[in-house]
Structures are given as structure tokens and as C-alpha cells.
file start18.cif (mmCIF, C-alpha atoms (C1' of nucleotides))
data_entry
loop_
_atom_site.label_atom_id
_atom_site.label_comp_id
_atom_site.auth_asym_id
_atom_site.auth_seq_id
_atom_site.Cartn_x
_atom_site.Cartn_y
_atom_site.Cartn_z
CA MET L 1 0.00 0.00 0.00
CA ASN L 2 2.47 2.54 1.18
CA ASP L 3 4.40 3.07 -2.01
CA SER L 4 5.39 6.56 -1.06
CA VAL L 5 8.48 5.47 0.81
CA ASN L 6 10.67 7.86 -1.09
CA GLU L 7 13.37 8.35 1.47
CA ASP L 8 15.97 5.95 2.64
CA ILE L 9 18.31 5.59 5.54
CA ALA L 10 20.25 8.76 5.08
CA GLY L 11 17.20 10.73 4.04
CA ASN L 12 18.37 10.76 0.47
CA ALA L 13 15.83 10.64 -2.27
CA ARG L 14 15.05 6.98 -2.53
CA ILE L 15 16.54 5.21 -5.46
CA ALA L 16 14.01 4.68 -8.15
CA MET L 17 15.86 2.59 -10.64
CA PHE L 18 12.65 1.72 -12.39
CA ASP L 19 11.04 5.13 -12.35
CA GLN L 20 12.61 5.55 -15.72
CA ASP L 21 10.58 6.51 -18.71
CA CYS L 22 12.63 4.37 -21.03
CA GLU L 23 10.97 1.37 -22.57
CA PRO L 24 12.74 -1.95 -22.27
CA ILE L 25 14.25 -3.34 -25.45
CA ASP L 26 12.26 -6.49 -24.94
CA PRO L 27 10.61 -8.27 -22.06
CA LEU L 28 14.05 -9.75 -21.69
CA LEU L 29 16.45 -6.96 -20.93
CA PRO L 30 15.69 -3.62 -19.28
CA VAL L 31 17.85 -0.66 -20.21
CA PRO L 32 19.97 0.74 -17.39
CA ARG L 33 20.30 4.49 -17.51
CA ALA L 34 23.95 4.04 -16.62
CA LEU L 35 24.82 2.99 -20.13
CA LEU L 36 24.07 6.44 -21.53
CA GLY L 37 27.31 8.02 -22.56
CA ARG L 38 29.19 4.75 -22.09
CA THR L 39 29.80 3.46 -25.60
CA GLY L 40 31.36 0.18 -24.50
CA PHE L 41 28.57 -0.47 -22.06
CA MET L 42 25.97 0.20 -24.74
CA LEU L 43 27.65 -2.08 -27.26
CA PHE L 44 28.00 -4.77 -24.61
CA HIS L 45 24.35 -4.42 -23.70
CA LEU L 46 23.15 -4.51 -27.29
CA GLY L 47 25.27 -7.57 -28.03
CA ALA L 48 23.91 -9.37 -24.96
CA ALA L 49 20.36 -8.43 -25.91
CA LEU L 50 20.89 -9.75 -29.41
CA ASP L 51 22.35 -12.93 -27.99
CA ALA L 52 19.28 -13.34 -25.79
CA ILE L 53 16.70 -12.49 -28.41
CA ALA L 54 18.10 -13.68 -31.70
CA ASP L 55 17.74 -17.43 -31.28
CA SER L 56 14.00 -17.33 -30.59
CA ARG L 57 13.27 -14.72 -33.25
CA LEU L 58 15.28 -16.57 -35.89
CA ALA L 59 13.66 -19.92 -35.11
CA ALA L 60 10.96 -19.28 -37.70
CA VAL L 61 13.65 -18.99 -40.35
CA GLY L 62 15.19 -22.29 -39.31
CA VAL L 63 18.53 -21.07 -37.99
CA ASP L 64 19.99 -19.86 -34.72
CA ALA L 65 22.29 -16.88 -34.31
CA ARG L 66 25.43 -18.78 -35.19
CA GLY L 67 23.78 -20.49 -38.12
CA TYR L 68 22.82 -17.07 -39.42
CA CYS L 69 26.39 -15.89 -39.06
CA MET L 70 27.67 -18.92 -40.91
CA LEU L 71 25.27 -18.42 -43.80
CA ALA L 72 26.35 -14.79 -44.02
CA ILE L 73 30.03 -15.70 -44.03
CA LEU L 74 29.55 -18.38 -46.67
CA SER L 75 27.57 -15.92 -48.75
CA VAL L 76 30.31 -13.31 -48.71
CA ASP L 77 33.49 -15.37 -48.62
CA GLY L 78 32.36 -18.31 -50.68
CA PRO L 79 32.71 -21.98 -49.74
CA GLY L 80 35.17 -22.69 -47.00
CA SER L 81 36.47 -25.32 -44.64
CA GLN L 82 35.06 -25.75 -41.17
CA HIS L 83 38.32 -24.56 -39.65
CA GLU L 84 38.11 -21.33 -41.57
CA LEU L 85 34.53 -20.83 -40.46
CA ALA L 86 35.51 -21.55 -36.86
CA LYS L 87 38.30 -18.98 -36.96
CA LEU L 88 36.04 -16.31 -38.38
CA LEU L 89 33.40 -17.10 -35.78
CA GLY L 90 35.93 -17.19 -32.95
CA THR L 91 34.89 -20.63 -31.74
CA ALA L 92 36.46 -24.07 -31.50
CA PRO L 93 36.04 -26.20 -34.63
CA GLY L 94 34.20 -28.87 -32.70
CA VAL L 95 31.35 -26.52 -31.95
CA LEU L 96 30.45 -26.17 -35.59
CA VAL L 97 30.01 -29.84 -36.38
CA ALA L 98 26.50 -30.13 -34.97
CA ASP L 99 25.54 -26.70 -36.30
CA ILE L 100 26.58 -27.56 -39.83
CA ASP L 101 24.79 -30.88 -39.49
CA GLN L 102 21.62 -28.94 -38.82
CA LEU L 103 22.15 -26.51 -41.68
CA GLU L 104 22.85 -29.44 -43.97
CA GLY L 105 19.75 -31.26 -42.76
CA LYS L 106 17.63 -28.29 -43.77
CA GLY L 107 19.24 -28.06 -47.17
CA PHE L 108 20.87 -24.71 -46.44
CA VAL L 109 24.44 -25.88 -47.02
CA GLU L 110 26.23 -28.95 -48.26
CA ARG L 111 29.51 -30.58 -47.36
CA ASN L 112 31.89 -31.87 -50.03
CA ARG L 113 35.28 -33.42 -49.67
CA ASP L 114 37.98 -31.36 -51.27
CA PRO L 115 39.64 -33.64 -53.85
CA HIS L 116 42.88 -31.66 -53.55
CA ASP L 117 43.02 -32.41 -49.83
CA ARG L 118 40.64 -35.10 -48.79
CA ARG L 119 40.88 -34.08 -45.14
CA ARG L 120 39.07 -30.87 -45.86
CA SER L 121 35.33 -30.60 -46.02
CA ARG L 122 34.14 -27.75 -48.19
CA VAL L 123 30.96 -26.15 -46.90
CA THR L 124 28.90 -24.52 -49.63
CA LEU L 125 25.84 -22.33 -49.43
CA LEU L 126 22.81 -23.70 -51.30
CA PRO L 127 19.92 -21.72 -52.81
CA ALA L 128 17.67 -22.58 -49.87
CA GLY L 129 20.39 -21.23 -47.60
CA GLU L 130 20.50 -17.99 -49.55
CA ARG L 131 16.76 -17.59 -49.11
CA ALA L 132 17.05 -18.33 -45.39
CA LEU L 133 19.85 -15.80 -45.15
CA ALA L 134 17.70 -13.13 -46.78
CA GLN L 135 14.92 -13.84 -44.30
CA ALA L 136 17.32 -13.85 -41.38
CA ASP L 137 18.73 -10.51 -42.52
CA GLN L 138 15.23 -9.09 -42.42
CA VAL L 139 14.53 -10.51 -38.96
CA SER L 140 17.87 -9.16 -37.76
CA ALA L 141 17.07 -5.71 -39.12
CA GLU L 142 13.73 -5.79 -37.31
CA ILE L 143 15.40 -6.73 -34.02
CA VAL L 144 17.88 -3.88 -34.40
CA ALA L 145 15.10 -1.43 -35.22
CA SER L 146 13.17 -2.50 -32.13
CA MET L 147 16.24 -2.31 -29.92
CA LEU L 148 17.11 1.12 -31.24
CA SER L 149 13.55 2.35 -31.60
CA GLY L 150 14.66 5.92 -31.03
CA LEU L 151 16.42 6.02 -34.38
CA SER L 152 14.89 6.74 -37.76
CA PRO L 153 15.75 4.43 -40.67
CA ALA L 154 18.14 7.08 -41.94
CA GLU L 155 19.87 7.22 -38.57
CA ILE L 156 20.19 3.45 -38.49
CA GLU L 157 21.86 3.66 -41.89
CA GLN L 158 24.17 6.26 -40.44
CA LEU L 159 24.95 3.92 -37.54
CA THR L 160 25.62 1.07 -39.93
CA ALA L 161 28.00 3.22 -41.96
CA LEU L 162 29.86 4.29 -38.82
CA LEU L 163 30.28 0.72 -37.61
CA ASN L 164 31.39 -0.38 -41.07
CA ARG L 165 34.03 2.31 -41.20
CA GLY L 166 35.15 1.60 -37.65
CA LEU L 167 35.66 -2.09 -38.25
CA LEU L 168 37.62 -1.59 -41.46
CA PRO L 169 40.65 0.40 -40.34
CA SER L 170 43.15 -0.11 -43.13
CA SER L 171 41.04 0.57 -46.16
CA GLY L 172 43.52 3.06 -47.52
CA MET Q 1 54.89 -25.15 -50.04
CA ASN Q 2 52.40 -24.93 -52.82
CA ASP Q 3 50.34 -22.03 -51.56
CA SER Q 4 49.18 -21.11 -54.99
CA VAL Q 5 46.29 -23.53 -54.99
CA ASN Q 6 43.81 -20.89 -55.96
CA GLU Q 7 41.24 -23.06 -57.61
CA ASP Q 8 38.91 -25.56 -56.10
CA ILE Q 9 36.73 -28.41 -57.21
CA ALA Q 10 34.57 -26.47 -59.58
CA GLY Q 11 37.39 -24.32 -60.81
CA ASN Q 12 36.05 -21.37 -58.89
CA ALA Q 13 38.45 -18.90 -57.47
CA ARG Q 14 39.52 -20.52 -54.25
CA ILE Q 15 38.02 -19.03 -51.15
CA ALA Q 16 40.39 -16.75 -49.39
CA MET Q 17 38.60 -15.96 -46.20
CA PHE Q 18 41.80 -14.69 -44.71
CA ASP Q 19 43.12 -12.82 -47.69
CA GLN Q 20 41.42 -9.86 -46.13
CA ASP Q 21 43.20 -6.64 -45.47
CA CYS Q 22 41.22 -6.00 -42.32
CA GLU Q 23 43.04 -6.08 -39.04
CA PRO Q 24 41.58 -8.21 -36.29
CA ILE Q 25 40.04 -6.36 -33.38
CA ASP Q 26 42.31 -8.26 -31.08
CA PRO Q 27 44.23 -11.50 -31.15
CA LEU Q 28 40.95 -12.91 -29.90
CA LEU Q 29 38.36 -12.28 -32.56
CA PRO Q 30 38.94 -11.90 -36.29
CA VAL Q 31 36.53 -9.72 -38.18
CA PRO Q 32 34.44 -11.52 -40.79
CA ARG Q 33 33.80 -9.46 -43.90
CA ALA Q 34 30.23 -10.73 -43.81
CA LEU Q 35 29.31 -8.37 -41.00
CA LEU Q 36 29.74 -5.32 -43.20
CA GLY Q 37 26.33 -3.86 -43.87
CA ARG Q 38 24.73 -6.12 -41.28
CA THR Q 39 24.08 -3.89 -38.30
CA GLY Q 40 22.82 -6.65 -36.03
CA PHE Q 41 25.76 -8.84 -36.90
CA MET Q 42 28.20 -6.02 -36.16
CA LEU Q 43 26.59 -5.21 -32.82
CA PHE Q 44 26.59 -8.89 -31.92
CA HIS Q 45 30.24 -9.18 -32.86
CA LEU Q 46 31.27 -6.10 -30.94
CA GLY Q 47 29.39 -7.27 -27.88
CA ALA Q 48 31.01 -10.69 -28.03
CA ALA Q 49 34.42 -9.11 -28.48
CA LEU Q 50 33.86 -6.86 -25.47
CA ASP Q 51 32.73 -9.87 -23.48
CA ALA Q 52 35.90 -11.71 -24.43
CA ILE Q 53 38.28 -8.82 -23.89
CA ALA Q 54 36.85 -6.77 -21.05
CA ASP Q 55 37.52 -9.06 -18.12
CA SER Q 56 41.25 -9.29 -18.72
CA ARG Q 57 41.64 -5.61 -19.56
CA LEU Q 58 39.69 -4.52 -16.50
CA ALA Q 59 41.58 -6.81 -14.15
CA ALA Q 60 44.10 -4.05 -13.42
CA VAL Q 61 41.27 -1.88 -12.14
CA GLY Q 62 40.04 -4.65 -9.85
CA VAL Q 63 36.69 -5.38 -11.45
CA ASP Q 64 35.28 -7.63 -14.12
CA ALA Q 65 32.79 -6.60 -16.78
CA ARG Q 66 29.76 -7.13 -14.58
CA GLY Q 67 31.39 -5.42 -11.64
CA TYR Q 68 32.03 -2.43 -13.90
CA CYS Q 69 28.39 -2.39 -14.94
CA MET Q 70 27.27 -2.52 -11.32
CA LEU Q 71 29.49 0.38 -10.32
CA ALA Q 72 28.12 2.40 -13.23
CA ILE Q 73 24.52 1.63 -12.31
CA LEU Q 74 25.09 2.48 -8.66
CA SER Q 75 26.78 5.69 -9.70
CA VAL Q 76 23.85 6.82 -11.82
CA ASP Q 77 20.84 5.41 -10.01
CA GLY Q 78 22.11 5.68 -6.47
CA PRO Q 79 22.09 2.92 -3.86
CA GLY Q 80 19.82 0.00 -4.63
CA SER Q 81 18.85 -3.49 -3.60
CA GLN Q 82 20.43 -6.53 -5.12
CA HIS Q 83 17.18 -7.44 -6.81
CA GLU Q 84 17.03 -4.09 -8.53
CA LEU Q 85 20.61 -4.52 -9.69
CA ALA Q 86 19.85 -8.00 -10.94
CA LYS Q 87 16.88 -6.80 -12.96
CA LEU Q 88 18.87 -3.98 -14.55
CA LEU Q 89 21.68 -6.39 -15.37
CA GLY Q 90 19.34 -9.02 -16.71
CA THR Q 91 20.70 -11.79 -14.49
CA ALA Q 92 19.41 -13.93 -11.64
CA PRO Q 93 19.83 -12.37 -8.18
CA GLY Q 94 21.93 -15.27 -7.00
CA VAL Q 95 24.62 -14.45 -9.51
CA LEU Q 96 25.32 -11.09 -7.91
CA VAL Q 97 26.00 -12.32 -4.40
CA ALA Q 98 29.56 -13.40 -5.05
CA ASP Q 99 30.21 -10.38 -7.28
CA ILE Q 100 29.08 -7.92 -4.64
CA ASP Q 101 31.14 -9.83 -2.08
CA GLN Q 102 34.17 -9.10 -4.22
CA LEU Q 103 33.32 -5.44 -4.72
CA GLU Q 104 32.75 -5.11 -0.99
CA GLY Q 105 36.04 -6.86 -0.23
CA LYS Q 106 37.87 -4.26 -2.30
CA GLY Q 107 36.08 -1.39 -0.62
CA PHE Q 108 34.24 -0.35 -3.78
CA VAL Q 109 30.75 -0.77 -2.32
CA GLU Q 110 29.16 -1.50 1.01
CA ARG Q 111 26.05 -3.38 2.05
CA ASN Q 112 23.66 -2.00 4.65
CA ARG Q 113 20.42 -3.39 5.93
CA ASP Q 114 17.51 -1.15 5.11
CA PRO Q 115 15.88 -0.26 8.48
CA HIS Q 116 12.55 0.27 6.75
CA ASP Q 117 12.64 -3.28 5.41
CA ARG Q 118 15.22 -5.41 7.05
CA ARG Q 119 15.07 -7.98 4.27
CA ARG Q 120 16.62 -5.54 1.86
CA SER Q 121 20.33 -5.01 1.58
CA ARG Q 122 21.18 -1.57 0.26
CA VAL Q 123 24.27 -1.56 -1.91
CA THR Q 124 26.07 1.79 -1.88
CA LEU Q 125 28.94 3.05 -4.00
CA LEU Q 126 31.98 4.12 -1.97
CA PRO Q 127 34.65 6.69 -2.96
CA ALA Q 128 37.10 3.93 -3.89
CA GLY Q 129 34.37 2.51 -6.12
CA GLU Q 130 33.94 5.85 -7.84
CA ARG Q 131 37.64 5.99 -8.55
CA ALA Q 132 37.59 2.43 -9.88
CA LEU Q 133 34.61 3.35 -12.05
CA ALA Q 134 36.46 6.30 -13.53
CA GLN Q 135 39.41 4.07 -14.35
CA ALA Q 136 37.14 1.39 -15.81
CA ASP Q 137 35.44 4.00 -17.97
CA GLN Q 138 38.81 4.95 -19.37
CA VAL Q 139 39.78 1.33 -20.04
CA SER Q 140 36.41 0.74 -21.68
CA ALA Q 141 36.87 3.76 -23.92
CA GLU Q 142 40.30 2.47 -24.93
CA ILE Q 143 38.85 -0.92 -25.82
CA VAL Q 144 36.14 0.67 -27.94
CA ALA Q 145 38.68 2.88 -29.69
CA SER Q 146 40.83 -0.15 -30.50
CA MET Q 147 37.87 -2.17 -31.69
CA LEU Q 148 36.67 0.68 -33.89
CA SER Q 149 40.08 1.91 -34.88
CA GLY Q 150 38.75 3.20 -38.17
CA LEU Q 151 36.83 5.95 -36.41
CA SER Q 152 38.14 9.31 -35.30
CA PRO Q 153 37.34 10.51 -31.78
CA ALA Q 154 34.68 12.78 -33.26
CA GLU Q 155 33.10 9.87 -35.07
CA ILE Q 156 33.10 7.80 -31.91
CA GLU Q 157 31.26 10.65 -30.22
CA GLN Q 158 28.82 10.59 -33.09
CA LEU Q 159 28.35 6.85 -32.60
CA THR Q 160 27.81 7.33 -28.88
CA ALA Q 161 25.18 9.97 -29.53
CA LEU Q 162 23.38 7.73 -32.00
CA LEU Q 163 23.29 4.81 -29.60
CA ASN Q 164 22.12 7.07 -26.80
CA ARG Q 165 19.29 8.37 -28.88
CA GLY Q 166 18.38 4.92 -30.11
CA LEU Q 167 18.13 3.47 -26.64
CA LEU Q 168 16.00 6.30 -25.29
CA PRO Q 169 12.93 6.16 -27.48
CA SER Q 170 10.38 8.15 -25.47
CA SER Q 171 12.34 11.27 -24.70
CA GLY Q 172 9.66 13.53 -26.15
"C1'" DT M 1 1.64 -15.83 2.04
"C1'" DA M 2 5.03 -12.97 -0.37
"C1'" DT M 3 9.68 -11.12 -0.79
"C1'" DT M 4 14.96 -10.46 0.02
"C1'" DG M 5 19.18 -12.44 0.25
"C1'" DT M 6 21.59 -16.71 0.20
"C1'" DT M 7 22.96 -21.33 -0.94
"C1'" DA M 8 22.86 -25.68 -3.50
"C1'" DT M 9 21.66 -28.25 -7.54
"C1'" DA M 10 21.07 -28.94 -12.44
"C1'" DC M 11 21.60 -27.53 -16.88
"C1'" DT M 12 23.76 -25.30 -20.96
"C1'" DC M 13 27.48 -24.11 -23.44
"C1'" DT M 14 32.01 -24.50 -24.97
"C1'" DA M 15 37.01 -25.28 -24.70
"C1'" DT M 16 40.27 -29.18 -24.38
"C1'" DA M 17 41.83 -33.28 -25.34
"C1'" DA M 18 41.74 -37.80 -27.68
"C1'" DC M 19 40.82 -40.29 -32.07
"C1'" DT M 20 40.57 -41.30 -37.27
"C1'" DA M 21 41.82 -40.12 -41.81
"C1'" DT M 22 44.54 -37.91 -44.72
"C1'" DA M 23 48.72 -35.35 -45.94
"C1'" DT W 1 54.90 -35.28 -37.92
"C1'" DA W 2 51.15 -32.19 -38.80
"C1'" DT W 3 46.37 -31.04 -40.00
"C1'" DA W 4 40.90 -31.54 -40.86
"C1'" DG W 5 37.03 -33.31 -39.00
"C1'" DT W 6 34.77 -35.73 -35.35
"C1'" DT W 7 33.71 -37.26 -30.78
"C1'" DA W 8 33.99 -37.42 -25.68
"C1'" DT W 9 35.22 -35.34 -21.46
"C1'" DA W 10 35.63 -31.60 -18.28
"C1'" DG W 11 35.09 -27.09 -16.78
"C1'" DA W 12 32.93 -22.40 -16.52
"C1'" DG W 13 28.86 -19.90 -16.10
"C1'" DT W 14 24.21 -19.37 -14.93
"C1'" DA W 15 19.30 -20.33 -14.24
"C1'" DT W 16 16.28 -22.91 -11.12
"C1'" DA W 17 14.88 -24.42 -7.07
"C1'" DA W 18 15.17 -24.77 -2.01
"C1'" DC W 19 16.11 -22.26 2.42
"C1'" DA W 20 16.11 -18.64 6.32
"C1'" DA W 21 14.73 -14.13 7.73
"C1'" DT W 22 11.53 -10.59 7.43
"C1'" DA W 23 7.31 -8.40 5.95
#

call {"tool": "encode", "arguments": {"input": "start18.cif", "output": "C-alpha cells"}}
result
Amino acid sequence: MNDSVNEDIAGNARIAMFDQDCEPIDPLLPVPRALLGRTGFMLFHLGAALDAIADSRLAAVGVDARGYCMLAILSVDGPGSQHELAKLLGTAPGVLVADIDQLEGKGFVERNRDPHDRRRSRVTLLPAGERALAQADQVSAEIVASMLSGLSPAEIEQLTALLNRGLLPSSG
Amino acid sequence: MNDSVNEDIAGNARIAMFDQDCEPIDPLLPVPRALLGRTGFMLFHLGAALDAIADSRLAAVGVDARGYCMLAILSVDGPGSQHELAKLLGTAPGVLVADIDQLEGKGFVERNRDPHDRRRSRVTLLPAGERALAQADQVSAEIVASMLSGLSPAEIEQLTALLNRGLLPSSG
DNA sequence: TATTGTTATACTCTATAACTATA
DNA sequence: TATAGTTATAGAGTATAACAATA
């Protein structure tokens, strides 16, 4: 009843961490005010939110977050070995085995032995995988737009351009 | 020896996932070209990189990534209960117990029973914690600058402003 | 009965280390 | 001997469920 306890021990204004007028990104993760002005904190928070949200939102497409990343990498870099994929994803090669099994089971990719080096297994993107990638790109864009709902489409493009430039240092 | 194997099965140009001229963020995580243009992918990658890097870089300050976040939240929102902290961090309350123990052991925060509700434990930022927070902010900014080394300081400010605006939708 | 802090248990995820085959 | 893929094991991290104190 008494929700007017607005003072605490020292007589300070009582903390009201949730008296914020900022909407949560998702039911999942509230947005701490403390991240304002803290670029690293914001990036960390957005990455964690994506990690928490992406799998369930991408389920309709038939991939999880890492599967989406793999399709994107295969689309841009062309067919590659599982070790190359693992390095680009920053994970141990063993992690990808089951994931690629799944992608292969859905007809998104295929594995072929490299005749030049029969140890290697070339992973190739298939047409169904390209379609899934296009859908996943759209879902991803929707998630970003909902996470950054304060930005107009033009501003999101601006953000994308900034991140692109930041991640590609030696383009000169 | 023969590193000129530039054709594969189908005679396609052999994939050269690592023939990229982009520097890795860190020894830890290489940067896939596929994230260019994919905002969600870039944010996910940056968040994962921060997660992988932050703990070791912040060790000199005496906190880990979550400890840094807690200090920042306490600094902005004032003293709060552990449940409030847990909600803002998006984790289970039990996770914070050991973390706050550590912060308290270093003199960064203190716990006090709330006399109005003796179940609650008010966590308060101490002066040493404020100093640690300032140092952690600097370390965090350095990490961001190294991850986004293609951006000038002015552009990083621009990025920060964009993220701020995006995360605060209902400011009108 | 509901809630706060705490502890203990179970589960998920992934890195590490074998193992097989190819080189 | 070294490397690609695979599998099995172990460890880190965390959510879930109990527990004690207080409301």
C-alpha cells in the first residue's frame, strides 16, 4: 500500500531505478540508464540483448544466431572449410560440427570433400540457404530497429555506416 | 609449399577468407567481412568481443565486466537493492552475491540493511568505487577505440550519440 | 503468504583433449 | 609429424529451485 516510501536511511531521495521513462528493449532486458554516454557499455548491452533475443526470433527462419552468421560468411566469402569458419566465428572447430549438421539437414548448405586435400570438407551455401539468409537478414534488421527504436531508418543507416568504417581500419 | 592452390573443385576462385586486409580487433576475434552492412551482426560481434576482452583488460582496475556495470549503475541510479541490480543487469539475483562480495572486499561498495525493510540489503557506491569506475570508464573507452580503430574521436562521439538516442525512445 | 538475500543443484554451453583419416 | 574433421570429457557460467529471515 504505502508506495510513497521515497526516502531511505540517510534521508536521500530513494533510489528509483525503475522510475525511468525508457521502454525496455524487450521483455528480456531492461535498459539501465547508466549505459548512456558509455559506448562500451551500450555495445555490450546490445550484443547481450541480441544474444538473448536472436535465437528465438530466428527460429521461424530455421537457424539460430550462429547459423545465421555462418550463412552470411559463406555468402560473402564463398565456400570454405570448417576450420576457416571456426576462426572467423571465434569458436572451436568442434562446436560447428553439430551446427553444420543442422544446416545441412535443412538443405541450407552442403559438405563436399575437397579432392585436392581429402581431409578438408568444403561447406557450400545452397539456394535454400540464400533464401534463409535473406529472411534472417530481415529478422535481424527488425530486431535492431526494435532495440534502437529511437532512431529513424536514416539514422540506423548512419549507424551502420559508422560501424562499417570503424571495423575496417586499413582501407587506404 | 604450394600455396598457390587458388582453384577448387569447380574451378572457382579458391576461397580466401583470410586474404582480407582488415586487421583483427584483437588476437581474440577476427573480423568476418560478412558483418559489413549487417548492423545486427556487427553489434553482436562487438558485444562478443567486449565480453571476451573486457575481463582481462579490466583486471588491473580490480573489477570484471559485470562489476564495472554494477558500479556504473550504482553511480547513476544511487544505492539500490540486489534485486534491482539483478533486474537492470538481466541476471538472476543469486549471480550477484559473489560479485558484490568481491566489490565489498575491495572497498568499492558497502552493504547496509535497510531499516525500513530489514530484508533488503542496500548496496552503496563508496569513494574507492567511484575511482575504480572512472578508471574502468577509461579502459572501456580504450577498448572501444581499438575495436573501432577506423573511427576518429569525433566519429566515436557521433556513434555514442546515435546509440544514446536509439536506446532512449520516449524522450519527447 | 510474499519477498529479500543466500545457498545448492542442475543444466547449458564450450574449450580441451583424444581419435581417425589424410597429408 | 602435422592437420581436418569428429567425438567425448571436463570445466565455466548461470538459471532454477530450495532455504532462512523478514514483511

call {"tool": "resolve_selection", "arguments": {"input": "start18.cif", "expression": "the PyMOL selection byres ((chain Q) within 9 of (chain W))", "output": "list in words"}}
result
Thr91, Ala92, Val95, Asp117, Arg118 and Arg119 of chain Q

call {"tool": "closest_atom_pairs", "arguments": {"input": "start18.cif", "of": "chain M", "to": "chain L", "cutoff": "12 Å", "atoms": "only C-alpha atoms (C1' of nucleotides)", "output": "JSON lines"}}
result
{"residue": "M:DC13", "atom": "C1'", "partner": "L:Val95", "partner_atom": "CA", "distance": 9.7}
{"residue": "M:DT14", "atom": "C1'", "partner": "L:Val95", "partner_atom": "CA", "distance": 7.3}
{"residue": "M:DA15", "atom": "C1'", "partner": "L:Ala92", "partner_atom": "CA", "distance": 6.9}
{"residue": "M:DT16", "atom": "C1'", "partner": "L:Ala92", "partner_atom": "CA", "distance": 9.6}
{"residue": "M:DA17", "atom": "C1'", "partner": "L:Gly94", "partner_atom": "CA", "distance": 11.5}
{"residue": "M:DT20", "atom": "C1'", "partner": "L:Arg119", "partner_atom": "CA", "distance": 10.7}
{"residue": "M:DA21", "atom": "C1'", "partner": "L:Arg119", "partner_atom": "CA", "distance": 7.0}
{"residue": "M:DT22", "atom": "C1'", "partner": "L:Arg119", "partner_atom": "CA", "distance": 5.3}
{"residue": "M:DA23", "atom": "C1'", "partner": "L:Asp117", "partner_atom": "CA", "distance": 7.5}

call {"tool": "interface_residues", "arguments": {"input": "start18.cif", "of": "chain Q", "to": "chain L", "cutoff": "6 Å", "atoms": "all atoms listed in the file", "output": "MDAnalysis selection string"}}
result
chainID Q and resid 15 17 22 29:30 32 34 36 39:40 43:44 47 72:73 76:78 88 90 140 144 148:151 160 164:169

call {"tool": "closest_residue", "arguments": {"input": "start18.cif", "among": "L:Leu58, L:Ile53, L:Asp64, L:Ser121", "to": "L:Gln135", "atoms": "only C-alpha atoms"}}
result
L:Leu58

call {"tool": "atom_distance", "arguments": {"input": "start18.cif", "atom1": "atom CA of L:Ala136", "atom2": "atom CA of L:Gly67"}}
result
9.8 Å

call {"tool": "atom_distance", "arguments": {"input": "start18.cif", "atom1": "atom CA of Q:Gln102", "atom2": "atom CA of Q:Gln138"}}
result
21.2 Å

call {"tool": "atom_distance", "arguments": {"input": "start18.cif", "atom1": "atom CA of Q:Gly62", "atom2": "atom CA of Q:Ala132"}}
result
7.5 Å

call {"tool": "resolve_selection", "arguments": {"input": "start18.cif", "expression": "the PyMOL selection byres ((chain L and resi 127) around 12)", "output": "PyMOL selection string"}}
result
chain L and resi 71+74-75+106-110+124-126+128-134

call {"tool": "resolve_selection", "arguments": {"input": "start18.cif", "expression": "the PyMOL selection byres ((chain M and resi 6) around 8)", "output": "list of chain:residue names"}}
result
Q:Gly94, Q:Val97, M:DG5, M:DT7

call {"tool": "write_last_selection", "arguments": {"input": "start18.cif", "atoms": "C-alpha atoms (C1' of nucleotides)", "output": "compact mmCIF listing (two decimals), in the frame of the given file"}}
result
# COMPACT_ATOMS: atom_id res chain seq x y z
CA GLY Q 94 21.93 -15.27 -7.00
CA VAL Q 97 26.00 -12.32 -4.40
C1' DG M 5 19.18 -12.44 0.25
C1' DT M 7 22.96 -21.33 -0.94
